[in-house]
Amino acid sequence: MARLAARAWRVRASPPINSRQGPGIMIVSLLFRFRSGQEYHSSEPFGMTSKTRGVPGFPASLNSLDRPVTQPSSSPTALSDLQDAALLTRVARGINEIRLGAPVVVRSDREAVLMLPAEAPPETLAGLFARPGGGVVLTARRAAVLGLLPEAAGSEAVVVRLREPLTEAALARLADPCLDREGPLPALDSVEGVAALSAAGAAVGLAKLARLLPAAVVVPLPDPLEETATQILAAADIHEYQMAAARSLRQVGEARVPLAGAEDTRILAFRPADGGTEHVAILVGEVDPAKPILTRLHSECFTGDLLGSLRCDCGDQLRGAIEAMAAEGAGVLLYLAQEGRGIGLVNKLRAYQLQDQGFDTLDANGQLGFDDDERIYLPAARMLAHLGIAQVRLLTNNPLKVEALARHGVDVVERVPHVYAPNPHNLRYLETKARRGGHLF
Ligand SMILES: Nc1nc2c(ncn2[C@@H]2O[C@H](COP(=O)(O)OP(=O)(O)OP(=O)(O)O)[C@@H](O)[C@H]2O)c(=O)[nH]1
Ligand SMILES: [Zn+2]
């Protein structure tokens, strides 16, 4: 009991990353600034996605969104915390809207578009199809799959306009790789490359944040304020959302949860300021933050972790990590809500369908329009900071995890291999991770 109390104190004693006491007035004033036409600007420079990432033949690389950030202020009402909270609220509302099938306005400095994700219900899409000037925005990676890349070279996304009016079938043919074998593309009028921070580029970013297919219908709007019934989002806010969510993580729950083989275990939950995606830290045994601690960053895998799927090695790695930590007497497993390397469960199932057609795990992501790996590791680094842990011995075969943690100021004193015997169903997956993803087996 004394040990548990001491550990709880250690967790509480680490500096809070974000405290949002009394932000109401500031948030209202920031929202007003935005609504009244003043662009919100983050203090961070915006990283652009690497052009080479995910293109066949190039090794997987770090997600360039996942850049280092300055240390949090310990002030309970730091302006940056309030700005993050306001940004998260705006984008979270946009995510909810599009998942409900309602259009939102996305605007950059130069332009504004009304958008709906390609997966929106046909009835609501029909409203956008009827407007003039509409197009379909796809990621550059999806454009490459469709053979449109030369026209979009150097861009993050493309806006495709058709010769005929847009229809549900034409949209599905462009956006859904499961239909790639079903006949030719619709006749195209133009393919325009756009930047990630353009209104159209951010529209596809919003579809990704909503864990939908990365494709959207966009219609130009001369004046975004004409669309009074819709949410208006800044492209820059969408681009910054994941990093702001990570910066705003704070601990919201803690309990003792004895596990089979690791009875002295506690689970701590972390939540971002918009009440969005929560991550958990699983603390096994007596964690002493003063020493390099055996640590695992484990990305959620519903199929492997929970169902025991044989398509991957996640279940073995999850249980094996807990076992190794219990054997050592201490360890921290960060269970990160990054299903399917960050593309979400539904898209991972689509990727599996494509793998059954012959694509490997990286190319299947590409067919869908995603990068090889869409994860960022700032959430993990911030959770470690909350726990007061600066040095880790990292259980992983993935060098990008080591690199990413180091970039966020965590001292990875050792990489501890985390290899399990393959089975006939995951052999190709593991072989691809080693050959193309740079994993060390
Ligand atoms: N998109 C996609 N995701 C997959 C596939 N197979 C497994 N995953 C996901 O990949 C992630 C694997 O996470 P980890 O085991 O933490 O990471 P890792 O990159 O394999 O590195 P290690 O630390 O060596 O295990 C989980 O989120 C799985 O859901 C696949 O074929 N496609
Ligand atoms: Zn898995």
# chains A, B, ... in the order shown; residues from 1 in each chain; ligands from 1
>>> residues_near_ligand(ligand="ligand 2", cutoff="12 Å", atoms="only C-alpha atoms and all ligand atoms", output="NGL selection string")
:A and (298-318 or 338-342 or 344-345 or 348-349 or 352 or 361 or 425-426 or 429-430)
>>> residues_around(residues="A:Gly205", least_positions_apart="2", cutoff="12 Å", atoms="only C-alpha atoms", output="MDAnalysis selection string")
chainID A and resid 49 65 91 94:95 106 115:117 137:140 156:157 195:203 207:216 233:242 343 369:370 374
>>> write_last_selection(atoms="N, CA and C atoms", output="CSV table (one decimal), in the first residue's frame")
chain,number,residue,atom,x,y,z
A,49,THR,N,4.6,17.7,-45.5
A,49,THR,CA,4.8,16.3,-45.6
A,49,THR,C,5.9,16.1,-46.6
A,65,LEU,N,4.8,15.9,-39.6
A,65,LEU,CA,3.9,16.7,-38.7
A,65,LEU,C,4.4,16.6,-37.2
A,91,VAL,N,-11.7,22.4,-34.4
A,91,VAL,CA,-11.5,21.3,-35.3
A,91,VAL,C,-12.4,20.1,-34.9
A,94,GLY,N,-15.6,20.4,-36.3
A,94,GLY,CA,-15.6,20.1,-37.7
A,94,GLY,C,-15.6,18.6,-38.0
A,95,ILE,N,-14.8,17.9,-37.2
A,95,ILE,CA,-14.7,16.4,-37.3
A,95,ILE,C,-16.1,15.8,-37.1
A,106,VAL,N,-13.9,25.2,-45.2
A,106,VAL,CA,-12.4,25.2,-44.8
A,106,VAL,C,-11.9,26.4,-45.6
A,115,MET,N,-16.9,21.7,-48.0
A,115,MET,CA,-16.4,20.4,-48.2
A,115,MET,C,-17.3,19.3,-47.5
A,116,LEU,N,-17.3,18.1,-48.1
A,116,LEU,CA,-17.9,16.9,-47.5
A,116,LEU,C,-16.9,15.8,-47.8
A,117,PRO,N,-16.7,14.9,-46.8
A,117,PRO,CA,-15.9,13.7,-47.2
A,117,PRO,C,-16.5,12.8,-48.2
A,137,VAL,N,-11.0,16.2,-54.0
A,137,VAL,CA,-9.6,16.3,-53.6
A,137,VAL,C,-9.1,15.0,-53.1
A,138,LEU,N,-8.0,14.6,-53.6
A,138,LEU,CA,-7.3,13.3,-53.2
A,138,LEU,C,-5.9,13.6,-52.7
A,139,THR,N,-5.3,12.7,-51.9
A,139,THR,CA,-3.9,12.9,-51.5
A,139,THR,C,-3.0,12.7,-52.7
A,140,ALA,N,-1.8,13.2,-52.7
A,140,ALA,CA,-0.9,13.0,-53.8
A,140,ALA,C,-0.6,11.5,-54.0
A,156,GLU,N,0.9,18.3,-52.3
A,156,GLU,CA,0.5,17.4,-51.2
A,156,GLU,C,-0.8,16.7,-51.5
A,157,ALA,N,-1.6,17.4,-52.3
A,157,ALA,CA,-2.9,16.8,-52.7
A,157,ALA,C,-3.3,17.3,-54.1
A,195,ALA,N,-1.3,22.5,-52.1
A,195,ALA,CA,-0.5,22.4,-50.9
A,195,ALA,C,-1.4,21.9,-49.7
A,196,ALA,N,-0.7,21.3,-48.7
A,196,ALA,CA,-1.4,20.8,-47.6
A,196,ALA,C,-2.2,21.9,-46.8
A,197,LEU,N,-1.6,23.1,-46.9
A,197,LEU,CA,-2.2,24.2,-46.2
A,197,LEU,C,-3.2,25.0,-47.0
A,198,SER,N,-3.5,24.5,-48.2
A,198,SER,CA,-4.6,25.2,-49.0
A,198,SER,C,-5.9,24.7,-48.4
A,199,ALA,N,-7.0,25.4,-48.8
A,199,ALA,CA,-8.3,25.0,-48.3
A,199,ALA,C,-8.6,23.6,-48.7
A,200,ALA,N,-8.3,23.2,-50.0
A,200,ALA,CA,-8.7,21.9,-50.5
A,200,ALA,C,-7.7,20.8,-49.8
A,201,GLY,N,-6.5,21.2,-49.7
A,201,GLY,CA,-5.5,20.3,-49.0
A,201,GLY,C,-5.9,20.0,-47.6
A,202,ALA,N,-6.4,21.0,-46.9
A,202,ALA,CA,-6.8,20.8,-45.5
A,202,ALA,C,-8.1,20.0,-45.4
A,203,ALA,N,-8.9,20.2,-46.5
A,203,ALA,CA,-10.2,19.4,-46.5
A,203,ALA,C,-9.9,17.9,-46.4
A,207,ALA,N,-10.7,15.0,-43.5
A,207,ALA,CA,-11.3,13.6,-43.7
A,207,ALA,C,-10.4,12.6,-43.0
A,208,LYS,N,-9.1,12.8,-43.0
A,208,LYS,CA,-8.1,11.9,-42.4
A,208,LYS,C,-8.3,11.9,-40.8
A,209,LEU,N,-8.4,13.2,-40.3
A,209,LEU,CA,-8.6,13.3,-38.8
A,209,LEU,C,-9.9,12.6,-38.4
A,210,ALA,N,-10.9,12.6,-39.3
A,210,ALA,CA,-12.2,11.9,-39.0
A,210,ALA,C,-12.1,10.4,-39.2
A,211,ARG,N,-10.9,9.9,-39.6
A,211,ARG,CA,-10.7,8.5,-39.8
A,211,ARG,C,-11.5,7.9,-40.9
A,212,LEU,N,-11.8,8.8,-42.0
A,212,LEU,CA,-12.5,8.4,-43.1
A,212,LEU,C,-11.5,8.2,-44.3
A,213,LEU,N,-12.0,7.7,-45.4
A,213,LEU,CA,-11.2,7.7,-46.6
A,213,LEU,C,-10.6,9.1,-46.9
A,214,PRO,N,-9.3,9.2,-47.2
A,214,PRO,CA,-8.7,10.5,-47.4
A,214,PRO,C,-9.1,11.1,-48.7
A,215,ALA,N,-10.3,11.5,-48.9
A,215,ALA,CA,-10.8,12.1,-50.1
A,215,ALA,C,-12.1,12.9,-49.8
A,216,ALA,N,-12.3,14.0,-50.5
A,216,ALA,CA,-13.4,14.9,-50.2
A,216,ALA,C,-13.9,15.6,-51.4
A,233,LEU,N,-13.7,26.4,-40.7
A,233,LEU,CA,-12.4,26.0,-40.1
A,233,LEU,C,-11.2,26.6,-40.9
A,234,ALA,N,-10.2,27.0,-40.2
A,234,ALA,CA,-8.9,27.4,-40.8
A,234,ALA,C,-8.1,26.2,-41.2
A,235,ALA,N,-7.5,26.2,-42.4
A,235,ALA,CA,-6.7,25.1,-42.9
A,235,ALA,C,-5.5,24.9,-41.9
A,236,ALA,N,-5.0,26.0,-41.4
A,236,ALA,CA,-3.9,25.9,-40.4
A,236,ALA,C,-4.3,25.2,-39.2
A,237,ASP,N,-5.5,25.4,-38.7
A,237,ASP,CA,-6.0,24.7,-37.5
A,237,ASP,C,-6.0,23.2,-37.7
A,238,ILE,N,-6.5,22.8,-38.9
A,238,ILE,CA,-6.7,21.4,-39.2
A,238,ILE,C,-5.3,20.7,-39.2
A,239,HIS,N,-4.3,21.5,-39.8
A,239,HIS,CA,-3.0,21.0,-39.9
A,239,HIS,C,-2.3,20.8,-38.6
A,240,GLU,N,-2.7,21.6,-37.6
A,240,GLU,CA,-2.0,21.7,-36.3
A,240,GLU,C,-2.7,20.8,-35.3
A,241,TYR,N,-3.9,20.2,-35.6
A,241,TYR,CA,-4.8,19.6,-34.7
A,241,TYR,C,-4.1,18.5,-33.8
A,242,GLN,N,-3.4,17.6,-34.5
A,242,GLN,CA,-2.9,16.4,-33.8
A,242,GLN,C,-1.8,16.9,-32.8
A,343,ILE,N,-4.4,5.1,-39.2
A,343,ILE,CA,-5.5,5.4,-40.2
A,343,ILE,C,-6.8,4.9,-39.7
A,369,GLY,N,-4.5,6.0,-50.2
A,369,GLY,CA,-4.1,7.5,-50.2
A,369,GLY,C,-3.4,7.9,-49.0
A,370,PHE,N,-3.1,6.9,-48.1
A,370,PHE,CA,-2.4,7.3,-46.9
A,370,PHE,C,-0.9,7.1,-47.1
A,374,GLU,N,1.1,6.9,-40.5
A,374,GLU,CA,0.5,8.2,-40.2
A,374,GLU,C,0.7,8.6,-38.7
>>> residues_around(residues="A:Leu400", least_positions_apart="6", cutoff="9 Å", atoms="only C-alpha atoms", output="list of chain:residue names")
A:Ala60, A:Ser61, A:Leu62, A:Gly438, A:His439
>>> select_by_dssp(residues="stretch 253-400 of chain A", states="alpha helix (DSSP H)", output="PyMOL selection string")
chain A and resi 314-328+339-342+345-356+361-368+378-386+399-400
>>> residues_around(residues="A:Pro222", least_positions_apart="4", cutoff="12 Å", atoms="only C-alpha atoms", output="ChimeraX atom specification")
/A:105,107,110-114,132-133,226-227
>>> write_last_selection(atoms="C-alpha atoms", output="compact mmCIF listing (two decimals), in the first residue's frame")
# COMPACT_ATOMS: atom_id res chain seq x y z
CA VAL A 105 -16.24 25.43 -44.75
CA ARG A 107 -10.56 28.41 -45.52
CA ARG A 110 -6.48 32.90 -50.08
CA GLU A 111 -9.64 30.89 -50.59
CA ALA A 112 -12.50 29.00 -49.03
CA VAL A 113 -14.23 25.75 -49.96
CA LEU A 114 -17.36 24.00 -48.82
CA PRO A 132 -20.91 24.82 -59.80
CA GLY A 133 -17.12 24.39 -59.87
CA GLU A 226 -22.31 33.18 -46.75
CA GLU A 227 -22.51 29.65 -45.33
>>> closest_residue(among="A:Ala390, A:Glu328, A:Arg350, A:Val104", to="A:Pro224", atoms="only C-alpha atoms")
A:Val104
>>> closest_residue(among="A:Asp363, A:Leu297, A:Pro424, A:Pro379", to="ligand 1", atoms="only C-alpha atoms and all ligand atoms")
A:Leu297
>>> closest_residue(among="A:Leu259, A:Val416, A:Ala130, A:Ile322", to="ligand 1", atoms="only C-alpha atoms and all ligand atoms")
A:Val416
